[in-house]
Amino acid sequence: MQNKNQFNDVELVSELQDSIKEIKNEISKVIIGQDEIIDNLLTSLFAKGHCLLVGVPGLAKTLLIKTLSEVLDLKFNRIQFTPDLMPSDITGTEILEEDLSTKKRDFRFIKGPIFANIILADEINRTPPKTQAALLEAMQEHNVTAAGTKYLLEEPFFVLATQNPIEQEGTYPLPEAQLDRFMFNLWLDYPNLEDEIEIIKRTTSTIENNLKKTVNAEKIIMFQELVRRVPVADNVIQHAVKIVRKTRPESKATDENIGNLISWGAGPRASQYLILAAKTYAIFDGRFSPEIADVNRALIPVLRHRIIPSFNAEAEGITSVDIIEKLNLNK
């Protein structure tokens, strides 16, 4: 039986590779460049994580996520976060209904926009903490509770939140404990010259792209379960845990010079996501077990929002990414 399962998994890895190529091919009809961002979005999806995308306006963050949902044949909802958005505007609300025949009144739950497979939480830092918490709780629990009744969210459930790094007036930055709910923090950069020229050509013409559906919800769930079954060598897990422990100033594993740059480090969830990302990278490449190089590849997107630089680091202009690179060099 075990051999049969292993044989099935080998076939699934091959099928996943083909699906990834097909997904990227369809996305490239609309999105120019951003290959690394797309890789990490797909990694997060198949590892059952969530992503926080940070980038200035006009870098096609919304278009990228919408395109991804169309290609994956999943239900997509976009929630524009504003200062007056209430938690019930996201999760749903109960209304009092009257049965015309019996005249009996009863409450009925109206599902909010969070009941979809892919959620775009646009400018999540524009809404107050109470509303942010409602979304982040649903991300963690994969359910919504209203009037004591639990409503399960549809699987797969994937949240992509965006933040604008400029225009910080009137924003509510996500607390570090809530940032920790996101597997990856991805920063979108400006396109290079060639990509930007191609973007302008495509977006100023009458060309329309017909996107083909690739994989459905059932297949994605199957691939997510495959990721969990990927075996990991002890030395790879040890490497991930040691790196994360070095981000904690009070830890004996932390180099004194690095410890002085960190106010607060990453918790065990960071180690979990490093291993899940490494597993996903490996099977995307057709390998059946991750290597230390796969863990290192995930360090920046996983740790970027989990390390809080100290006052001394900020005074010297040292960012969390700079600290991560030092950690990797001193492994």
# chains A, B, ... in the order shown; residues from 1 in each chain; ligands from 1

$ residues_around --residues "Leu152 in chain A" --least-positions-apart "3" --cutoff "7 Å" --atoms "only C-alpha atoms" --output "ChimeraX atom specification"
/A:142-144

$ residues_around --residues "range 107-121 of chain A" --least-positions-apart "2" --cutoff "7 Å" --atoms "only C-alpha atoms" --output "mmCIF file with C-alpha atoms, in the first residue's frame"
data_model
loop_
_atom_site.group_PDB
_atom_site.id
_atom_site.type_symbol
_atom_site.label_atom_id
_atom_site.label_comp_id
_atom_site.auth_asym_id
_atom_site.auth_seq_id
_atom_site.Cartn_x
_atom_site.Cartn_y
_atom_site.Cartn_z
ATOM 1 C CA SER A 69 -7.885 33.506 -9.674
ATOM 2 C CA LEU A 74 -11.514 29.637 -8.258
ATOM 3 C CA LYS A 75 -14.116 31.949 -6.795
ATOM 4 C CA PHE A 76 -12.561 35.393 -6.308
ATOM 5 C CA ASN A 77 -13.687 38.342 -4.190
ATOM 6 C CA ARG A 78 -12.028 41.707 -3.822
ATOM 7 C CA ILE A 79 -12.551 43.674 -0.602
ATOM 8 C CA GLN A 80 -11.537 47.321 -0.706
ATOM 9 C CA PHE A 81 -10.510 48.209 2.832
ATOM 10 C CA ASP A 89 -18.958 43.828 5.977
ATOM 11 C CA ILE A 90 -16.318 41.120 5.548
ATOM 12 C CA THR A 91 -17.617 38.098 7.404
ATOM 13 C CA GLY A 92 -21.352 38.549 6.894
ATOM 14 C CA THR A 93 -24.339 39.552 8.979
ATOM 15 C CA GLU A 94 -27.601 38.159 10.345
ATOM 16 C CA ILE A 95 -30.916 39.569 9.151
ATOM 17 C CA LEU A 96 -34.393 39.061 10.593
ATOM 18 C CA GLU A 97 -36.722 37.396 8.105
ATOM 19 C CA GLU A 123 -4.998 48.156 1.173
ATOM 20 C CA ILE A 124 -5.545 46.250 4.390
ATOM 21 C CA LEU A 153 -14.957 28.814 4.609
ATOM 22 C CA GLU A 154 -14.554 27.218 1.196
ATOM 23 C CA GLU A 155 -11.331 25.343 0.523
ATOM 24 C CA PRO A 156 -8.834 26.175 -0.775
ATOM 25 C CA PHE A 157 -8.839 29.489 1.090
ATOM 26 C CA PHE A 158 -6.118 31.936 0.090
ATOM 27 C CA VAL A 159 -5.833 35.554 1.250
ATOM 28 C CA LEU A 160 -3.685 38.073 -0.603
ATOM 29 C CA ALA A 161 -3.512 41.400 1.196
ATOM 30 C CA THR A 162 -1.941 44.505 -0.335
#

$ closest_residue --among "A:Leu327, A:Ala60, A:Val10, A:Ala146" --to "Asn257 in chain A" --atoms "only C-alpha atoms"
A:Leu327

$ closest_residue --among "A:Thr127, A:Ile200, A:Leu186, A:Ile323" --to "Asp39 in chain A" --atoms "only C-alpha atoms"
A:Leu186

$ residues_around --residues "range 274-277 of chain A" --least-positions-apart "2" --cutoff "8 Å" --atoms "only C-alpha atoms" --output "VMD selection string"
chain A and resid 43 to 44 47 227 to 228 237 240 270 to 272 279 to 281 294 to 295 298 to 299 302

$ atom_distance --atom1 "CA of Phe288 in chain A" --atom2 "CA of Lys242 in chain A"
23.1 Å
